[in-house]
Structures are given as C-alpha cells and as structure tokens.
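Worksheet for the structure shown next.
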Amino acid sequence: MKKIKGISKFKNNKNLNATIFYGFGGIFSKAVAFITIPIFTRILSTEDYGIVNNYLAWVSIFTVIASLGMTNSIRMAFVDYLESINKYISSMFTLSVVSFFLISTFTIFISNFIELQLTKTILILAFIQAFSSFVINCMIAKYMMEYKYIKRTILMILPNFITIITAIPLILYVFKENEHLGRIIPNAMFFLLIGLILITVVMFKGKTFYNKEYWQYAINVSLPLIAYSLSEIILAQVDRIMLTEMRSASETGIYSLVYNFGMVLNLFTGVFASIWVPWFTNEMKKGSVTTINQRAKEYIFIVTGIAMSIVLVSPEVLKFMTTSEYWEGIYLIPFIVFSSLIIYYTSFYMDVEYYYKKTKVIATISALSAVVNILLNLIIIPIYGAIGAAFTTLVSYLFSLLLHYFIIRRVNSRLIGKKVFLFPMICVVITSCTYYLIIDITVLRWMLALGVCIYVFPKTIRVILK
C-alpha cells in the first residue's frame with residue numbers, strides 16, 4: 001500500500017506534471033526551430049531572413065496594440081470571474097474583433113502616406129497573424145491558470161511546427177523570387193486557422209458576445225498594460241527594425257538569427273514561469289512570504305546556471321547550425337542570453353506588482369526602459385551595428401530591473417530582496433568576461449559548462465519534485 005500511495009503522490013504532483021508537459025512542449029518546439037535553423041539560413045539569404053524577422057517584429061507590435069493588451073487580463077479574470085471565465089473570454093474575443101478591424105483598417109489606410117518597410121500584402125498578413133497570435137496567447141494563459149498541461153502544450157507546439165514544415169517546400173519550389181513570402185504566408189494562414197478554431201470553441205462554451213461589465217473590466221485592466229506590452233515588444237524587437245533602417249536587412253538577419261538562438265533560455269524560463277505564476281498567486285493569498293522567497297531563490301539559482309552553460313557552449317552550436325556568414329554573431333551571444341536572464345529576474349517583481357494590481361507601475365517602468373533603449377539605439381547602432389543593439393538591449397533590461405526593485409521595496413519590502421540576485425549577477429559578470437577571454441579554447445569552455453550543469457542539476461530535481 002505504501003508503494004501505491006507513493007506512486008499516487010508522484011502522479012498528482014502538479015509541479016512535476018507541469019514541468020514534464022511544459023518542458024516537452026518547449027523542448028519540442030525549440031528543437032524543431034533549432035533543427036530548421038541550418039535549413040533556413042541556407043535556403044534564405046541574410047536579406048530575406050532579415051525581412052522575415054522584421055515582419056515578425058511588426059506582428060508582435062500589432063498584436064499588442066490591436067488587441068488593446070487584453071491578454072494580460074486573463075490572469076486577473078481568474079480571480080474576479082473564475083466561475084464565468086468562458087463567458088468573460090468569449091465576450092473579450094468579440095471586443096478584440098472590433099478592435100482589430102478598426103485599428104488594422106486605419107493602419108492600412110495611413111500606410112499609403114508613410115513608409116513602414118512593409119508591402120500592403122505583408123501588412124495585411126501581419127495583422128492576420130497578430131490577431132491569431134492574440135487568440136492563441138489568451139488560450140495558453142487560460143490553460144496555464146487551469147493547470148491544463150496537455151492543451152497548453154499542444155498550443156505551444158502546433159502553430160510553429162505546422163508553419164515551419166510547410167514553409168520549407170514553399171520557399172524551395174513556389175516563392176523562388178520572393179523567398180521571404182514562403183516563410184511569411186504559412187505563418188499567417190495556419191495561425192489564422194488555429195485561431196478561428198479556438199474562437200469557435202470558446203464562443204460555443206461562453207455564449208457571450210457582449211457584456212458591458214466584461215468589456216469594461218478588460219479595458220480597465222488591460223489599457224494600462226498596453227504601454228507595458230508594447231514597451232516589452234519594443235525592447236525585444238525595435239533593434240531589428242532600427243538595424244534594418246539604419247544599417248541593412250542583412251545585418252538584421254545575422255542579429256535576428258543570433259537573437260533567436262540566444263533566447264533558447266526562454267525555453268527554461270517559460271517552464272518555470274508556468275509553474276511559478278499560479279503557485280505564487282496561491283501562496284500570496286496565504287501570506288507565505290518566507291516560502292515564496294526561498295522558492296524564488298531556488299528558481300533564480302537554477303536558471304542562472306542554465307544561462308551560464310548556454311553561453312559557454314554557444315559558439316560551436318551556432319557554427320554547427322549556420323553558415324559562416326552568420327558566425328560574427330558569436331560575439332553577441334552573452335549580451336542576448338543575459339538579457340533574457342534579466343527579463344526572468346524582473347518577472348519576479350512584476351508578479352508581485354500584478355498581485356497588488358500595480359499595472360500602471362509596470363507600464364510606466366516598461367515605457368521608460370523602451371525610451372532608454374530607443375535613445376541608446378539611435379546613438380550606438382549607427383556606429384557599432386548589431387553588437388551595439390545587443391548591448392543597448394541588455395542595459396535597458398538592467399535599468400528596468402533596478403526600477404522594479406525600488407518599487408517592490410515600497411509595495412512589500414519583505415518579498416524578494418536584492419540578496420536573491422546578488423550572487424547570480426556576480427556569476428553572470430564572471431561568465432561573460434570568461435567567455436570573451438577563452439572564446440577560442442573550446443575544451444575549457446565546455447568543461448566549465450559541464451561543471452555548472454553538474455552543480456545545478458541536483459537542485460533542479462529537488463525543486464521540480466517539491
């Protein structure tokens with residue numbers, strides 16, 4: 001009987017189940033993306049690769065603006081409308097259709113008078129994918145809060161998997177003269193298909209096309225966060241747009257490839273964040289400050305170790321997966337990986353701000369960070385190009401982390417103090433310096449990475465099994 005009970009407890013461990021499914025979903029989708037990097041960098045020129053990533057940057061911006069940032073309201077709606085969550089989401093989707101139609105129509109009209117570096121066709125496709133991405137992201141957030149691991153994992157995998165597999169033959173055999181269209185068109189079309197299916201399901205369950213209370217709630221909660229979401233998109237994407245405008249699409253292609261490669265850390269941070277958010281919300285309701293601080297310290301320790309390992313082994317992995325024209329991007333990797341790490345650090349403070357509904361604070365800090373990023377880009381990108389863009393991104397995220405820290409000292413000084421980040425930050429600086437000093441000594445870098453993994457692995461297992 002003891003053995004059976006032990007197995008039952010093991011199976012019912014939400015953290016373990018979430019880690020397995022989210023980990024599988026993230027690893028699978030990232031694995032597909034990584035496997036295809038050598039393919040796309042060979043069948044697309046650096047210019048076409050840059051155009052595709054410039055398009056994706058605009059998709060991200062349109063997703064935030066045209067959706068009014070309503071994805072952010074899902075987490076809070078689970079607190080205030082838990083019993084009628086399907087009605088809330090179905091009503092919110094109706095509002096999003098109206099919003100997307102008005103904003104896309106206006107944008108397409110003014111595109112006749114301003115230069116967006118997008119053709120009319122690509123602009124329309126960008127709005128189609130933006131709307132579909134919004135729907136998919138809303139459902140991913142819903143399934144996360146409901147601990148529906150399988151459904152969330154499917155949505156993490158399916159859209160990108162289908163579009164990647166479809167894009168390869170289209171680039172090779174259909175769009176030989178405009179190769180970027182072979183990557184862009186399947187993105188927009190398959191995202192739209194999945195989005196329409198999800199909307200149909202939600203509308204069938206919620207059966208609420210309009211509810212004044214829900215619309216007001218969605219707008220009141222989300223509007224302050226548009227500035228936040230848009231600022232985050234700017235921090236993540238504006239480098240590519242500005243590189244295209246101020247340097248060349250080819251340099252954007254190299255930067256985007258390395259940026260996408262360096263952000264592999266998001267695979268791990270996404271898994272831990274998916275577990276952390278619902279757990280943190282429940283623990284805050286209980287007032288378990290000590291438990292929260294200890295768990296945050298463990299998560300930060302683990303993810304920092306993973307980031308250090310990724311940086312140390314990255315040159316050989318990048319060379320294996322790309323052609324030599326992309327190799328100069330090796331020098332960007334520490335900046336990009338550690339930017340992703342700083343985003344993860346900041347998320348702990350933002351979760352506290354979300355809990356206390358300090359959405360205006362989140363928006364303000366993100367907007368300030370975006371302004372800092374743009375101003376630094378204007379100064380540095382013309383001189384240093386891609387490496388300058390990577391540097392300004394890291395500085396901007398550090399600026400954001402610092403501001404959030406000072407705010408949390410006022411909101412709840414007992415939560416997640418500076419000591420939690422102090423040692424990990426020192427390790428990050430040492431790893432960055434070491435990387436550049438021994439960048440040509442492959443064996444030593446890989447041995448250091450292996451040592452870090454051996455040190456971090458036991459702690460990871462303990463945290464997952466808690």
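Identifiers in this document derive from the order of the structure tokens: chains are assigned A, B, ..., residues are numbered from 1 separately in each chain, and ligands are numbered from 1 in order of occurrence.
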
Legend entry - A:Tyr88 environment, 8 Å, only C-alpha atoms, sequence neighbours closer than 4 positions dropped, as number ranges by chain: A: 77, 81, 84, 92, 206, 208, 214

Residues from the last selection, C-alpha atoms, saved as a PDB file, in the first residue's frame:
```pdb
ATOM      1  CA  ALA A  77     -10.037  37.446 -14.552  1.00  0.00           C
ATOM      2  CA  TYR A  81     -14.573  35.878 -12.761  1.00  0.00           C
ATOM      3  CA  SER A  84     -17.723  32.558 -15.554  1.00  0.00           C
ATOM      4  CA  MET A  92     -13.436  39.671 -24.732  1.00  0.00           C
ATOM      5  CA  GLY A 206     -19.176  31.015 -23.279  1.00  0.00           C
ATOM      6  CA  THR A 208     -21.449  35.711 -24.624  1.00  0.00           C
ATOM      7  CA  TYR A 214     -16.705  42.251 -19.023  1.00  0.00           C
TER       8      TYR A 214
END
```

Could you give me, as JSON lines, a per-residue list for stretch 50-162 of chain A showing, wherever an atom lies at most 7 Å from an atom of stretch 224-232 of chain A, the closest pair of atoms and their distance in Å to one decimal, using only C-alpha atoms and sorting by chain then residue number from low to high?
```
{"residue": "A:Ile61", "atom": "CA", "partner": "A:Leu230", "partner_atom": "CA", "distance": 6.3}
{"residue": "A:Val64", "atom": "CA", "partner": "A:Leu230", "partner_atom": "CA", "distance": 6.0}
{"residue": "A:Ile65", "atom": "CA", "partner": "A:Ile226", "partner_atom": "CA", "distance": 6.8}
{"residue": "A:Leu68", "atom": "CA", "partner": "A:Ile226", "partner_atom": "CA", "distance": 6.1}
{"residue": "A:Gly69", "atom": "CA", "partner": "A:Ile226", "partner_atom": "CA", "distance": 4.8}
```

Inset, instruction - Just the residues within 7 Å of A:Tyr255, please, counting only C-alpha atoms, with nothing from its chain fewer than 3 positions along; format it as a count of residues only. - result: 6

Legend entry - Nearby residues (only C-alpha atoms) at most 9 Å from A:Tyr344, same-chain spacing under 2 positions excluded, as a list in words: Asn266, Thr269, Gly270, Ala273, Ile300, Val303, Ser339, Ser340, Leu341, Ile342, Thr346, Ser347 and Phe348 of chain A

For the residues in the current selection, export N, CA and C atoms as a compact mmCIF listing (two decimals), in the first residue's frame.
```txt
# COMPACT_ATOMS: atom_id res chain seq x y z
N ASN A 266 14.74 31.08 -22.89
CA ASN A 266 13.30 31.24 -22.66
C ASN A 266 12.58 29.92 -22.56
N THR A 269 12.97 29.31 -18.81
CA THR A 269 12.27 30.29 -18.01
C THR A 269 10.76 30.17 -18.20
N GLY A 270 10.35 29.80 -19.41
CA GLY A 270 8.92 29.61 -19.67
C GLY A 270 8.34 28.47 -18.86
N ALA A 273 8.25 29.65 -15.20
CA ALA A 273 7.24 30.69 -15.01
C ALA A 273 5.83 30.10 -15.03
N ILE A 300 15.89 31.13 -9.32
CA ILE A 300 16.90 32.04 -9.87
C ILE A 300 18.25 31.35 -9.96
N VAL A 303 18.09 28.81 -13.05
CA VAL A 303 18.05 29.42 -14.37
C VAL A 303 19.35 30.17 -14.67
N SER A 339 20.42 39.11 -21.38
CA SER A 339 19.23 39.95 -21.46
C SER A 339 17.99 39.13 -21.13
N SER A 340 17.95 37.92 -21.68
CA SER A 340 16.84 37.00 -21.40
C SER A 340 16.80 36.65 -19.91
N LEU A 341 17.97 36.49 -19.31
CA LEU A 341 18.05 36.17 -17.89
C LEU A 341 17.55 37.34 -17.03
N ILE A 342 17.90 38.56 -17.41
CA ILE A 342 17.44 39.73 -16.67
C ILE A 342 15.92 39.87 -16.76
N THR A 346 13.42 40.04 -13.56
CA THR A 346 12.42 41.10 -13.41
C THR A 346 11.01 40.54 -13.25
N SER A 347 10.75 39.39 -13.84
CA SER A 347 9.40 38.81 -13.79
C SER A 347 8.95 38.53 -12.36
N PHE A 348 9.88 38.25 -11.45
CA PHE A 348 9.51 38.00 -10.05
C PHE A 348 8.92 39.26 -9.42
```

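Excluding A:Ala66 and any residue on its chain fewer than 2 positions from it, the residues at most 10 Å away by only C-alpha atoms are Ile61, Phe62, Thr63, Val64, Leu68, Gly69, Met70, Ser96, Val97, Val98, Ser99, Phe100, Phe101, Leu102, Ile103, Ser104, Phe127, Ala130, Phe131, Phe134 and Ile226 of chain A.
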
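Nearest residue to A:Leu415 among A:Ile333, A:Ile383, A:Ala296, A:Leu82 is A:Ala296, counting only C-alpha atoms.
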
Legend entry - Atomic separation - atom CA of A:Arg410 relative to atom CA of A:Ala367, Å: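 Those two atoms sit 20.1 Å apart.
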
Legend entry - Of the listed residues A:Val79, A:Val337, A:Val311, A:Ile165, that which approaches A:Thr434 most closely, counting only C-alpha atoms: A:Val311

Excluding A:Leu196 and its own-chain neighbours fewer than 4 positions away, which residues fall within 8 Å of it when counting only C-alpha atoms? Please give them as a compact mmCIF listing (two decimals) with N, CA and C atoms, in the first residue's frame.
```txt
# COMPACT_ATOMS: atom_id res chain seq x y z
N SER A 132 -4.50 36.29 -34.74
CA SER A 132 -4.47 34.86 -34.41
C SER A 132 -3.54 34.58 -33.24
N LEU A 192 -4.00 31.70 -38.39
CA LEU A 192 -5.41 32.10 -38.54
C LEU A 192 -6.33 30.90 -38.38
N THR A 200 -14.11 29.64 -32.08
CA THR A 200 -15.36 28.88 -32.21
C THR A 200 -15.65 28.08 -30.95
```

Legend entry - Contacts of A:Pro278 at 10 Å (only C-alpha atoms; same-chain gap of 3+ positions) as a ChimeraX atom specification: /A:75,144-147,273-275,281-283

Legend entry - Two-atom distance - atom CA of A:Trp327, atom CA of A:Ser314 (Å): 11.0 Å

Inset, instruction - Could you jot down the atom CA of A:Leu95 to atom CA of A:Glu213 separation for me, Å, one decimal place? - result: 12.1 Å
